[in-house]
Amino acid sequence: MINDPLGDIPLDDLRRGLRRSADLIADYLEGVSARPVTPACKPGDVRRGLPPTPPREGEPLDVILDDFGWIADHSTHWPHPGFLAYFAASGSGPGVIAEALAAGLNVNAMLWRTGPAATELEGLACDWLRGMMGLPPTFQGHINDTASVSTLVALAAARSAPRELRIRERGMSGRPDLPELVIYASEHAHSSVDRAALTLGLGLSGVRKIAADAALRMNPAALDAAICADRAAGRRPLAVVATAGTTSTAAIDPCAAIAAICRREELWLHVDAAYGGAAAICEEMRPAFAGMEQADSIVMNPHKWLFVPIDSSVLFVREPGRLREAFSLVPEYLKTQDGAEQNLMDLGVALGRRFRALKLWMVIRAFGSEGLARRVRRHCAMAAEFAAWIGGRPELELAAPPSLGVVCFRVRAGDDADERTQRLLAHINADGAVFLSHTRLAGRLVIRVAINGLRTTDATLDRLKEITAAAIGRK
Ligand SMILES: Cc1ncc(COP(=O)(O)O)c(C=O)c1O
């Protein structure tokens with residue numbers, strides 16, 4: 001094949017570059033545990049080590065790939081076994097391979113016609129996941145980049161659902177006939193709910209934060225009372241967001257009780273199972289999610305706890321027609337005669353869609369549903385064991401009931417408990433072997449350990465205990 005000087009790089013260069021990249025990735029993953037989880041760099045350091053201007057003529061791939069070392073050295077190592085902060089975006093080998101293959105195909109699956117395989121694999125992989133989570137076949141899934149977008153899309157559908165409001169046709173501005181619309185979520189719900197309200201024109205005042213019980217789960221009686229109060233004041237309740245695995249403590253809201261209220265009040269129920277939903281693939285853990293299957297929409301992020309590289313957020317909707325009612329617009333140039341049941345562009349804001357399904361499909365195939373469940377179980381068991389260790393330390397206390405893979409703890413109460421907890425967190429993170437984050441519960445600072453990384457083992461937790469014990473001893 002003749003190389004076109006104005007075309008792509010020669011295929012032999014591509015092959016060589018991919019082979020070297022395969023080694024770079026595998027070497028990186030092989031050595032990642034020897035690195036500190038977070039790099040010792042300051043803002044601006046990364047740019048200082050890289051060419052400041054673009055080259056006039058193209059550089060050889062080898063020269064460019066030489067800079068990968070610098071980039072890796074200045075990355076926070078999410079695949080590190082000691083990454084126990086936030087929720088690790090726990091990628092895996094099959095997911096890495098799928099990302100490269102998807103880039104090779106580079107399809108834009110806006111229509112079935114522009115990406116038949118991408119469109120149908122998205123349906124297939126989401127159907128598999130739905131079955132693995134024990135959800136009824138009425139739910140249809142599609143994949144967004146993040147849970148924030150999935151929740152935005154779900155709440156946009158909820159906003160369009162009451163047809164008498166005529167939101168689709170008339171929008172929301174300049175409408176004295178439109179009552180104030182309200183969304184309900186627990187005080188521990190993720191900020192993506194507030195952000196969706198900002199984006200959808202409900203404003204922050206359109207989000208009612210519902211008090212949680214002692215286990216930090218939404219209190220259904222408080223939800224009921226808030227809905228009644230809003231109706232009495234002439235406002236229009238629209239939707240409830242229940243969280244199945246909150247960001248701070250992995251608490252699971254009582255979905256069945258919340259679903260009963262939503263049914264009675266004719267409100268859309270969206271379940272944010274972005275993190276916790278992965279645990280529903282373990283049959284014995286499914287009772288904790290009872291009621292989730294009654295939702296109108298559910299978001300679950302395989303990139304949080306199902307070993308699919310970021311970005312992979314599945315939005316399941318009971319009546320996908322609701323999404324089409326909210327979003328479908330087909331300009332002339334996108335009309336087709338294919339008779340396809342589904343064009344992904346009809347399901348949300350984006351027209352262009354990358355082939356996100358390939359990595360979910362490959363990860364499920366490579367590990368199997370039981371293989372994935374075993375890994376999730378191991379993380380929960382490690383969290384329970386670590387929580388028991390905290391419970392046995394007189395200087396420390398659990399700050400919330402341990403749930404799924406999350407353990408929250410702090411230095412035992414006292415006037416300066418917050419400062420001492422902050423110092424303890426700084427000591428632990430300074431070691432470099434682990435990386436923890438914090439949250440605040442009832443106004444008090446709390447250290448948070450989230451175990452969902454594929455490379456995290458008992459040895460990681462032993463090291464965390466060692467560092468924690470030493471740091472307590474030092475204070
Ligand atoms: C419960 C929950 N929902 C939503 C999100 C937002 O996720 P994303 O980054 O995919 O938008 C998070 C993030 O951690 C989360 O914990």
# chains A, B, ... in the order shown; residues from 1 in each chain; ligands from 1
$ residues_near_ligand --ligand "ligand 1" --cutoff "7 Å" --atoms "only C-alpha atoms and all ligand atoms" --output "VMD selection string"
chain A and resid 86 to 87 145 to 149 189 to 190 192 243 245 to 247 272 to 275 301 313
$ write_last_selection --atoms "all heavy atoms" --output "short mmCIF file (atom, residue, chain, number, x, y, z; two decimals), in the first residue's frame"
data_model
loop_
_atom_site.label_atom_id
_atom_site.label_comp_id
_atom_site.auth_asym_id
_atom_site.auth_seq_id
_atom_site.Cartn_x
_atom_site.Cartn_y
_atom_site.Cartn_z
N TYR A 86 -12.39 8.98 47.02
CA TYR A 86 -13.57 9.13 46.14
C TYR A 86 -14.15 7.74 45.85
O TYR A 86 -14.32 6.95 46.75
CB TYR A 86 -13.17 9.87 44.84
CG TYR A 86 -12.30 11.09 45.12
CD1 TYR A 86 -10.95 11.13 44.77
CD2 TYR A 86 -12.82 12.18 45.80
CE1 TYR A 86 -10.16 12.24 45.06
CE2 TYR A 86 -12.04 13.29 46.09
CZ TYR A 86 -10.71 13.31 45.73
OH TYR A 86 -9.94 14.40 46.03
N PHE A 87 -14.45 7.45 44.55
CA PHE A 87 -14.67 6.06 44.12
C PHE A 87 -13.67 5.84 43.01
O PHE A 87 -13.70 6.55 42.00
CB PHE A 87 -16.09 5.84 43.59
CG PHE A 87 -17.15 5.89 44.65
CD1 PHE A 87 -18.22 6.76 44.55
CD2 PHE A 87 -17.09 5.03 45.75
CE1 PHE A 87 -19.20 6.81 45.54
CE2 PHE A 87 -18.07 5.07 46.74
CZ PHE A 87 -19.11 5.97 46.63
N ASP A 145 -21.66 9.39 29.25
CA ASP A 145 -20.28 9.47 29.74
C ASP A 145 -20.22 9.40 31.26
O ASP A 145 -19.36 8.73 31.83
CB ASP A 145 -19.58 10.74 29.21
CG ASP A 145 -20.35 12.03 29.50
OD1 ASP A 145 -21.47 11.97 30.06
OD2 ASP A 145 -19.83 13.11 29.15
N THR A 146 -21.12 10.09 31.93
CA THR A 146 -21.05 10.18 33.40
C THR A 146 -22.46 10.06 34.00
O THR A 146 -23.46 10.27 33.31
CB THR A 146 -20.48 11.54 33.85
OG1 THR A 146 -21.33 12.56 33.30
CG2 THR A 146 -19.06 11.75 33.41
N ALA A 147 -22.48 9.81 35.30
CA ALA A 147 -23.76 9.76 36.01
C ALA A 147 -24.41 11.15 36.05
O ALA A 147 -25.63 11.26 36.07
CB ALA A 147 -23.55 9.25 37.44
N SER A 148 -23.57 12.18 36.06
CA SER A 148 -24.14 13.54 36.08
C SER A 148 -25.01 13.75 34.85
O SER A 148 -26.10 14.31 34.92
CB SER A 148 -23.02 14.58 36.11
OG SER A 148 -22.19 14.36 37.23
N VAL A 149 -24.51 13.29 33.69
CA VAL A 149 -25.28 13.44 32.45
C VAL A 149 -26.49 12.50 32.47
O VAL A 149 -27.60 12.89 32.07
CB VAL A 149 -24.38 13.21 31.22
CG1 VAL A 149 -25.20 13.05 29.95
CG2 VAL A 149 -23.40 14.37 31.08
N ALA A 189 -27.62 13.23 48.90
CA ALA A 189 -27.58 12.95 47.45
C ALA A 189 -26.39 13.66 46.82
O ALA A 189 -25.87 14.65 47.34
CB ALA A 189 -28.87 13.41 46.80
N HIS A 190 -25.96 13.15 45.68
CA HIS A 190 -24.81 13.73 44.99
C HIS A 190 -25.17 15.09 44.39
O HIS A 190 -26.32 15.32 43.98
CB HIS A 190 -24.34 12.77 43.89
CG HIS A 190 -23.05 13.19 43.27
ND1 HIS A 190 -22.98 13.87 42.08
CD2 HIS A 190 -21.77 13.03 43.70
CE1 HIS A 190 -21.71 14.10 41.79
NE2 HIS A 190 -20.95 13.60 42.75
N SER A 192 -24.74 16.18 41.64
CA SER A 192 -25.20 16.15 40.24
C SER A 192 -26.71 16.39 40.17
O SER A 192 -27.21 16.84 39.12
CB SER A 192 -24.85 14.81 39.59
OG SER A 192 -25.27 13.73 40.38
N THR A 243 -31.02 7.59 46.35
CA THR A 243 -29.63 7.20 46.11
C THR A 243 -29.39 5.80 46.65
O THR A 243 -29.69 5.53 47.81
CB THR A 243 -28.66 8.20 46.78
OG1 THR A 243 -29.06 9.53 46.42
CG2 THR A 243 -27.22 7.96 46.32
N GLY A 245 -26.47 3.98 47.40
CA GLY A 245 -25.02 4.05 47.56
C GLY A 245 -24.57 5.51 47.50
O GLY A 245 -24.10 5.98 46.47
N THR A 246 -24.74 6.22 48.64
CA THR A 246 -24.41 7.66 48.62
C THR A 246 -22.89 7.86 48.53
O THR A 246 -22.10 6.99 48.91
CB THR A 246 -24.93 8.38 49.88
OG1 THR A 246 -24.36 7.75 51.03
CG2 THR A 246 -26.44 8.34 49.97
N THR A 247 -22.53 9.03 48.07
CA THR A 247 -21.11 9.33 47.84
C THR A 247 -20.31 9.31 49.14
O THR A 247 -19.20 8.80 49.19
CB THR A 247 -20.99 10.72 47.17
OG1 THR A 247 -21.93 10.76 46.09
CG2 THR A 247 -19.60 10.98 46.66
N ASP A 272 -30.30 6.92 41.82
CA ASP A 272 -28.88 7.12 41.56
C ASP A 272 -28.12 5.96 42.19
O ASP A 272 -27.80 5.98 43.37
CB ASP A 272 -28.44 8.47 42.14
CG ASP A 272 -26.93 8.70 41.94
OD1 ASP A 272 -26.24 7.77 41.45
OD2 ASP A 272 -26.45 9.80 42.29
N ALA A 273 -27.88 4.93 41.36
CA ALA A 273 -27.11 3.77 41.82
C ALA A 273 -25.75 3.79 41.12
O ALA A 273 -25.19 2.74 40.80
CB ALA A 273 -27.87 2.48 41.51
N ALA A 274 -25.25 5.02 40.89
CA ALA A 274 -24.01 5.18 40.10
C ALA A 274 -22.91 4.31 40.68
O ALA A 274 -22.21 3.60 39.96
CB ALA A 274 -23.59 6.65 40.09
N TYR A 275 -22.76 4.35 41.99
CA TYR A 275 -21.75 3.52 42.64
C TYR A 275 -22.36 2.19 43.10
O TYR A 275 -21.91 1.11 42.72
CB TYR A 275 -21.14 4.28 43.83
CG TYR A 275 -20.48 3.38 44.85
CD1 TYR A 275 -19.29 2.72 44.54
CD2 TYR A 275 -21.06 3.14 46.10
CE1 TYR A 275 -18.69 1.86 45.46
CE2 TYR A 275 -20.47 2.30 47.01
CZ TYR A 275 -19.29 1.66 46.70
OH TYR A 275 -18.71 0.80 47.61
N ASN A 301 -23.04 3.28 37.13
CA ASN A 301 -21.78 3.56 36.42
C ASN A 301 -20.86 2.35 36.42
O ASN A 301 -20.17 2.11 37.42
CB ASN A 301 -21.03 4.69 37.12
CG ASN A 301 -21.47 6.07 36.70
OD1 ASN A 301 -22.54 6.21 36.12
ND2 ASN A 301 -20.66 7.06 37.00
N SER A 313 -21.48 5.17 31.86
CA SER A 313 -22.59 5.39 32.79
C SER A 313 -23.87 4.91 32.11
O SER A 313 -24.30 5.48 31.10
CB SER A 313 -22.71 6.87 33.14
OG SER A 313 -23.85 7.09 33.94
#
$ residues_around --residues "range 42-58 of chain A" --least-positions-apart "5" --cutoff "10 Å" --atoms "only C-alpha atoms" --output "list of chain:residue names"
A:Ile9, A:Ile64, A:Asp67, A:Trp70, A:Ile71, A:Asp73, A:His74, A:Ser75
$ select_by_dssp --residues "range 284-445 of chain A" --states "strand (DSSP E)" --output "number ranges by chain"
A: 297-300, 313-317, 396-398, 406-411, 437-441, 444-445
$ atom_distance --atom1 "CA of Ser297 in chain A" --atom2 "CA of Phe316 in chain A"
5.4 Å
$ residues_around --residues "Leu441 in chain A" --least-positions-apart "3" --cutoff "9 Å" --atoms "only C-alpha atoms" --output "compact mmCIF listing (two decimals) with N, CA, C and O atoms, in the first residue's frame"
# COMPACT_ATOMS: atom_id res chain seq x y z
N SER A 248 -20.88 9.85 50.20
CA SER A 248 -20.12 9.93 51.45
C SER A 248 -20.01 8.59 52.15
O SER A 248 -18.93 8.20 52.59
N ALA A 399 -17.67 6.59 61.78
CA ALA A 399 -18.49 7.79 61.72
C ALA A 399 -19.84 7.53 61.07
O ALA A 399 -20.70 8.40 61.03
N ALA A 400 -20.00 6.34 60.52
CA ALA A 400 -21.26 5.95 59.86
C ALA A 400 -21.27 4.44 59.78
O ALA A 400 -20.21 3.81 59.80
N ARG A 444 -19.18 17.29 60.99
CA ARG A 444 -17.87 16.87 61.51
C ARG A 444 -17.03 16.21 60.43
O ARG A 444 -17.53 15.44 59.60
N LEU A 445 -15.74 16.51 60.47
CA LEU A 445 -14.83 15.97 59.47
C LEU A 445 -14.65 14.46 59.64
O LEU A 445 -14.51 13.97 60.77
N VAL A 446 -14.65 13.77 58.53
CA VAL A 446 -14.61 12.31 58.55
C VAL A 446 -13.64 11.82 57.48
O VAL A 446 -13.59 12.38 56.38
$ atom_distance --atom1 "CA of Ala226 in chain A" --atom2 "CA of Ala212 in chain A"
13.0 Å
$ select_by_dssp --residues "range 368-427 of chain A" --states "helix (DSSP H, G or I)" --output "compact mmCIF listing (two decimals) with all heavy atoms, in the first residue's frame"
# COMPACT_ATOMS: atom_id res chain seq x y z
N GLY A 368 -16.95 -12.37 33.21
CA GLY A 368 -18.17 -13.14 33.46
C GLY A 368 -18.96 -12.52 34.60
O GLY A 368 -18.40 -11.82 35.45
N SER A 369 -20.27 -12.76 34.63
CA SER A 369 -21.11 -12.10 35.65
C SER A 369 -20.68 -12.57 37.04
O SER A 369 -20.62 -11.78 37.99
CB SER A 369 -22.59 -12.38 35.40
OG SER A 369 -22.82 -13.77 35.36
N GLU A 370 -20.35 -13.86 37.19
CA GLU A 370 -19.96 -14.36 38.52
C GLU A 370 -18.57 -13.85 38.89
O GLU A 370 -18.30 -13.53 40.05
CB GLU A 370 -20.04 -15.89 38.54
CG GLU A 370 -20.03 -16.52 39.92
CD GLU A 370 -20.90 -15.79 40.96
OE1 GLU A 370 -22.08 -15.47 40.69
OE2 GLU A 370 -20.37 -15.53 42.07
N GLY A 371 -17.69 -13.74 37.90
CA GLY A 371 -16.34 -13.21 38.16
C GLY A 371 -16.42 -11.76 38.65
O GLY A 371 -15.69 -11.36 39.56
N LEU A 372 -17.32 -10.99 38.05
CA LEU A 372 -17.49 -9.60 38.50
C LEU A 372 -18.07 -9.58 39.91
O LEU A 372 -17.61 -8.83 40.78
CB LEU A 372 -18.41 -8.85 37.53
CG LEU A 372 -17.81 -8.58 36.14
CD1 LEU A 372 -18.87 -8.10 35.16
CD2 LEU A 372 -16.68 -7.57 36.21
N ALA A 373 -19.07 -10.43 40.15
CA ALA A 373 -19.71 -10.47 41.48
C ALA A 373 -18.67 -10.86 42.55
O ALA A 373 -18.66 -10.29 43.65
CB ALA A 373 -20.88 -11.45 41.47
N ARG A 374 -17.81 -11.82 42.22
CA ARG A 374 -16.79 -12.24 43.21
C ARG A 374 -15.89 -11.08 43.59
O ARG A 374 -15.52 -10.91 44.75
CB ARG A 374 -15.93 -13.38 42.64
CG ARG A 374 -16.51 -14.77 42.86
CD ARG A 374 -15.44 -15.84 42.68
NE ARG A 374 -14.87 -15.85 41.34
CZ ARG A 374 -15.39 -16.50 40.29
NH1 ARG A 374 -16.50 -17.21 40.44
NH2 ARG A 374 -14.80 -16.46 39.11
N ARG A 375 -15.55 -10.26 42.60
CA ARG A 375 -14.66 -9.11 42.88
C ARG A 375 -15.37 -8.08 43.76
O ARG A 375 -14.79 -7.51 44.68
CB ARG A 375 -14.18 -8.50 41.57
CG ARG A 375 -13.13 -9.40 40.90
CD ARG A 375 -12.88 -9.04 39.44
NE ARG A 375 -11.74 -9.78 38.89
CZ ARG A 375 -11.80 -11.03 38.44
NH1 ARG A 375 -12.95 -11.69 38.43
NH2 ARG A 375 -10.71 -11.63 37.98
N VAL A 376 -16.65 -7.83 43.45
CA VAL A 376 -17.42 -6.87 44.26
C VAL A 376 -17.53 -7.38 45.70
O VAL A 376 -17.35 -6.64 46.67
CB VAL A 376 -18.82 -6.65 43.62
CG1 VAL A 376 -19.75 -5.92 44.58
CG2 VAL A 376 -18.68 -5.88 42.31
N ARG A 377 -17.80 -8.69 45.83
CA ARG A 377 -17.91 -9.29 47.18
C ARG A 377 -16.61 -9.13 47.97
O ARG A 377 -16.61 -8.85 49.15
CB ARG A 377 -18.19 -10.79 47.08
CG ARG A 377 -19.62 -11.10 46.94
CD ARG A 377 -19.86 -12.61 46.95
NE ARG A 377 -21.09 -12.82 46.25
CZ ARG A 377 -21.23 -13.47 45.09
NH1 ARG A 377 -20.17 -14.02 44.50
NH2 ARG A 377 -22.39 -13.57 44.53
N ARG A 378 -15.50 -9.34 47.27
CA ARG A 378 -14.21 -9.25 47.97
C ARG A 378 -14.02 -7.83 48.51
O ARG A 378 -13.56 -7.64 49.64
CB ARG A 378 -13.05 -9.61 47.02
CG ARG A 378 -11.71 -9.42 47.72
CD ARG A 378 -10.57 -10.06 46.98
NE ARG A 378 -10.05 -9.19 45.95
CZ ARG A 378 -8.79 -9.22 45.54
NH1 ARG A 378 -7.94 -10.09 46.08
NH2 ARG A 378 -8.37 -8.43 44.59
N HIS A 379 -14.40 -6.82 47.71
CA HIS A 379 -14.24 -5.44 48.18
C HIS A 379 -15.10 -5.20 49.42
O HIS A 379 -14.67 -4.55 50.38
CB HIS A 379 -14.62 -4.46 47.06
CG HIS A 379 -13.66 -4.52 45.91
ND1 HIS A 379 -14.01 -4.21 44.62
CD2 HIS A 379 -12.35 -4.88 45.85
CE1 HIS A 379 -12.96 -4.35 43.83
NE2 HIS A 379 -11.94 -4.77 44.55
N CYS A 380 -16.34 -5.71 49.39
CA CYS A 380 -17.23 -5.51 50.55
C CYS A 380 -16.65 -6.22 51.78
O CYS A 380 -16.70 -5.67 52.90
CB CYS A 380 -18.63 -6.03 50.24
SG CYS A 380 -19.45 -5.09 48.93
N ALA A 381 -16.10 -7.40 51.58
CA ALA A 381 -15.53 -8.14 52.71
C ALA A 381 -14.31 -7.39 53.27
O ALA A 381 -14.14 -7.30 54.50
CB ALA A 381 -15.12 -9.55 52.26
N MET A 382 -13.49 -6.83 52.39
CA MET A 382 -12.33 -6.07 52.87
C MET A 382 -12.78 -4.85 53.67
O MET A 382 -12.20 -4.51 54.70
CB MET A 382 -11.44 -5.64 51.69
CG MET A 382 -10.59 -6.76 51.13
SD MET A 382 -9.28 -6.18 50.03
CE MET A 382 -10.16 -5.87 48.55
N ALA A 383 -13.85 -4.19 53.18
CA ALA A 383 -14.36 -3.01 53.88
C ALA A 383 -14.88 -3.41 55.27
O ALA A 383 -14.61 -2.72 56.27
CB ALA A 383 -15.46 -2.34 53.06
N ALA A 384 -15.60 -4.53 55.34
CA ALA A 384 -16.14 -4.97 56.64
C ALA A 384 -15.00 -5.28 57.60
O ALA A 384 -15.06 -4.93 58.79
CB ALA A 384 -17.03 -6.21 56.43
N GLU A 385 -13.96 -5.88 57.09
CA GLU A 385 -12.82 -6.26 57.94
C GLU A 385 -12.11 -4.99 58.43
O GLU A 385 -11.75 -4.88 59.60
CB GLU A 385 -11.88 -7.14 57.10
CG GLU A 385 -11.05 -8.12 57.91
CD GLU A 385 -9.76 -7.51 58.39
OE1 GLU A 385 -9.14 -6.74 57.63
OE2 GLU A 385 -9.38 -7.77 59.53
N PHE A 386 -11.96 -4.01 57.53
CA PHE A 386 -11.29 -2.77 57.94
C PHE A 386 -12.15 -2.03 58.97
O PHE A 386 -11.63 -1.48 59.95
CB PHE A 386 -11.02 -1.88 56.71
CG PHE A 386 -10.30 -0.62 57.07
CD1 PHE A 386 -8.97 -0.64 57.49
CD2 PHE A 386 -10.96 0.61 57.02
CE1 PHE A 386 -8.31 0.53 57.85
CE2 PHE A 386 -10.31 1.78 57.38
CZ PHE A 386 -8.99 1.75 57.79
N ALA A 387 -13.48 -2.05 58.77
CA ALA A 387 -14.37 -1.39 59.73
C ALA A 387 -14.24 -2.04 61.11
O ALA A 387 -14.22 -1.35 62.14
CB ALA A 387 -15.82 -1.46 59.23
N ALA A 388 -14.12 -3.37 61.12
CA ALA A 388 -13.96 -4.07 62.41
C ALA A 388 -12.65 -3.64 63.08
O ALA A 388 -12.59 -3.46 64.31
CB ALA A 388 -13.98 -5.59 62.18
N TRP A 389 -11.62 -3.45 62.28
CA TRP A 389 -10.33 -3.01 62.84
C TRP A 389 -10.46 -1.62 63.46
O TRP A 389 -9.98 -1.38 64.57
CB TRP A 389 -9.26 -3.01 61.73
CG TRP A 389 -7.90 -2.64 62.20
CD1 TRP A 389 -6.98 -3.45 62.83
CD2 TRP A 389 -7.29 -1.34 62.13
NE1 TRP A 389 -5.85 -2.73 63.14
CE2 TRP A 389 -6.01 -1.43 62.71
CE3 TRP A 389 -7.70 -0.11 61.62
CZ2 TRP A 389 -5.13 -0.35 62.80
CZ3 TRP A 389 -6.83 0.98 61.71
CH2 TRP A 389 -5.56 0.85 62.28
N ILE A 390 -11.16 -0.72 62.73
CA ILE A 390 -11.38 0.64 63.28
C ILE A 390 -12.15 0.53 64.60
O ILE A 390 -11.79 1.17 65.59
CB ILE A 390 -12.17 1.52 62.28
CG1 ILE A 390 -11.36 1.82 61.02
CG2 ILE A 390 -12.67 2.81 62.93
CD1 ILE A 390 -10.22 2.78 61.19
N GLY A 391 -13.20 -0.31 64.58
CA GLY A 391 -14.03 -0.47 65.78
C GLY A 391 -13.21 -0.94 66.98
O GLY A 391 -13.57 -0.65 68.13
N ALA A 417 -11.48 17.23 67.79
CA ALA A 417 -11.56 15.99 66.99
C ALA A 417 -11.37 16.29 65.50
O ALA A 417 -10.71 15.54 64.78
CB ALA A 417 -12.88 15.29 67.24
N ASP A 418 -11.94 17.41 65.02
CA ASP A 418 -11.81 17.73 63.60
C ASP A 418 -10.35 17.97 63.21
O ASP A 418 -9.88 17.44 62.20
CB ASP A 418 -12.62 18.99 63.25
CG ASP A 418 -14.04 18.64 62.84
OD1 ASP A 418 -14.45 17.48 63.07
OD2 ASP A 418 -14.73 19.51 62.29
N GLU A 419 -9.65 18.77 64.01
CA GLU A 419 -8.23 19.04 63.69
C GLU A 419 -7.41 17.77 63.76
O GLU A 419 -6.55 17.52 62.92
CB GLU A 419 -7.61 20.08 64.65
CG GLU A 419 -8.23 21.47 64.55
CD GLU A 419 -9.40 21.63 65.51
OE1 GLU A 419 -9.15 21.94 66.68
OE2 GLU A 419 -10.57 21.42 65.10
N ARG A 420 -7.71 16.94 64.75
CA ARG A 420 -6.93 15.70 64.87
C ARG A 420 -7.24 14.75 63.72
O ARG A 420 -6.36 14.06 63.21
CB ARG A 420 -7.20 15.05 66.24
CG ARG A 420 -6.50 15.85 67.37
CD ARG A 420 -7.06 15.54 68.74
NE ARG A 420 -6.89 14.14 69.09
CZ ARG A 420 -7.74 13.46 69.87
NH1 ARG A 420 -8.84 14.04 70.32
NH2 ARG A 420 -7.52 12.21 70.16
N THR A 421 -8.49 14.73 63.29
CA THR A 421 -8.86 13.89 62.14
C THR A 421 -8.16 14.41 60.88
O THR A 421 -7.63 13.64 60.08
CB THR A 421 -10.39 13.90 61.95
OG1 THR A 421 -10.98 13.42 63.16
CG2 THR A 421 -10.83 13.01 60.80
N GLN A 422 -8.15 15.71 60.73
CA GLN A 422 -7.48 16.33 59.57
C GLN A 422 -5.99 15.98 59.57
O GLN A 422 -5.42 15.62 58.53
CB GLN A 422 -7.68 17.85 59.64
CG GLN A 422 -6.98 18.65 58.54
CD GLN A 422 -7.63 18.40 57.18
OE1 GLN A 422 -8.80 18.68 56.99
NE2 GLN A 422 -6.87 17.83 56.26
N ARG A 423 -5.37 16.05 60.74
CA ARG A 423 -3.93 15.74 60.83
C ARG A 423 -3.69 14.26 60.52
O ARG A 423 -2.73 13.91 59.84
CB ARG A 423 -3.40 16.06 62.24
CG ARG A 423 -2.94 17.51 62.39
CD ARG A 423 -1.93 17.67 63.51
NE ARG A 423 -2.39 17.16 64.81
CZ ARG A 423 -3.18 17.84 65.65
NH1 ARG A 423 -3.61 19.04 65.32
NH2 ARG A 423 -3.55 17.30 66.80
N LEU A 424 -4.58 13.42 61.02
CA LEU A 424 -4.44 11.98 60.76
C LEU A 424 -4.52 11.71 59.25
O LEU A 424 -3.70 10.96 58.69
CB LEU A 424 -5.53 11.21 61.51
CG LEU A 424 -5.58 9.70 61.26
CD1 LEU A 424 -4.25 9.03 61.66
CD2 LEU A 424 -6.73 9.05 62.03
N LEU A 425 -5.49 12.33 58.59
CA LEU A 425 -5.65 12.14 57.14
C LEU A 425 -4.38 12.60 56.41
O LEU A 425 -3.87 11.91 55.50
CB LEU A 425 -6.87 12.94 56.64
CG LEU A 425 -7.12 12.92 55.14
CD1 LEU A 425 -7.41 11.50 54.64
CD2 LEU A 425 -8.31 13.83 54.78
N ALA A 426 -3.85 13.75 56.84
CA ALA A 426 -2.64 14.28 56.18
C ALA A 426 -1.47 13.31 56.40
O ALA A 426 -0.71 13.03 55.46
CB ALA A 426 -2.30 15.66 56.74
N HIS A 427 -1.34 12.76 57.61
CA HIS A 427 -0.26 11.78 57.89
C HIS A 427 -0.40 10.55 56.99
O HIS A 427 0.58 10.07 56.43
CB HIS A 427 -0.34 11.30 59.34
CG HIS A 427 0.40 12.19 60.30
ND1 HIS A 427 1.71 12.56 60.13
CD2 HIS A 427 0.00 12.75 61.47
CE1 HIS A 427 2.08 13.34 61.14
NE2 HIS A 427 1.06 13.47 61.97
$ closest_residue --among "A:Val407, A:Arg15, A:Arg463, A:Ser21" --to "Ala250 in chain A" --atoms "only C-alpha atoms"
A:Val407
$ residues_around --residues "range 334-343 of chain A" --least-positions-apart "4" --cutoff "9 Å" --atoms "only C-alpha atoms" --output "CSV table (one decimal) with N, CA, C and O atoms, in the first residue's frame"
chain,number,residue,atom,x,y,z
A,109,ALA,N,-21.9,6.8,16.6
A,109,ALA,CA,-23.2,6.0,16.5
A,109,ALA,C,-24.4,6.9,16.8
A,109,ALA,O,-25.2,6.6,17.7
A,110,MET,N,-24.5,8.0,16.1
A,110,MET,CA,-25.7,8.9,16.3
A,110,MET,C,-26.9,8.2,15.8
A,110,MET,O,-28.0,8.3,16.4
A,111,LEU,N,-26.8,7.5,14.7
A,111,LEU,CA,-27.9,6.8,14.1
A,111,LEU,C,-27.5,5.3,14.0
A,111,LEU,O,-26.4,5.0,14.0
A,112,TRP,N,-28.5,4.4,14.0
A,112,TRP,CA,-28.2,3.0,13.8
A,112,TRP,C,-27.4,2.9,12.5
A,112,TRP,O,-26.4,2.2,12.4
A,113,ARG,N,-27.8,3.6,11.4
A,113,ARG,CA,-27.1,3.5,10.1
A,113,ARG,C,-25.6,3.9,10.2
A,113,ARG,O,-24.8,3.4,9.6
A,119,THR,N,-24.5,0.6,18.0
A,119,THR,CA,-25.9,0.8,18.5
A,119,THR,C,-26.4,-0.6,19.1
A,119,THR,O,-26.9,-0.6,20.2
A,120,GLU,N,-26.2,-1.6,18.4
A,120,GLU,CA,-26.8,-2.9,18.9
A,120,GLU,C,-26.0,-3.5,20.0
A,120,GLU,O,-26.5,-4.1,20.9
A,330,VAL,N,-35.5,15.3,14.7
A,330,VAL,CA,-34.8,14.7,13.6
A,330,VAL,C,-34.8,15.7,12.4
A,330,VAL,O,-35.7,15.8,11.6
A,347,LEU,N,-31.9,9.7,22.5
A,347,LEU,CA,-32.0,9.4,23.9
A,347,LEU,C,-31.4,10.4,24.9
A,347,LEU,O,-31.2,10.2,26.0
$ atom_distance --atom1 "CA of Gly276 in chain A" --atom2 "CA of Leu223 in chain A"
21.6 Å
$ closest_residue --among "A:Ser33, A:Thr468, A:Thr76, A:Thr199" --to "Leu155 in chain A" --atoms "only C-alpha atoms"
A:Thr199
$ decode --residues "range 243-255 of chain A" --atoms "C-alpha atoms" --output "CSV table (one decimal), in the first residue's frame"
chain,number,residue,atom,x,y,z
A,243,THR,CA,-29.6,7.2,46.1
A,244,ALA,CA,-28.5,3.6,46.2
A,245,GLY,CA,-25.0,4.1,47.6
A,246,THR,CA,-24.4,7.7,48.6
A,247,THR,CA,-21.1,9.3,47.8
A,248,SER,CA,-20.1,9.9,51.4
A,249,THR,CA,-21.1,6.7,53.2
A,250,ALA,CA,-22.7,4.3,50.5
A,251,ALA,CA,-26.0,4.5,52.4
A,252,ILE,CA,-28.8,3.0,50.4
A,253,ASP,CA,-32.1,4.9,50.5
A,254,PRO,CA,-35.2,2.8,51.2
A,255,CYS,CA,-36.3,2.6,47.6
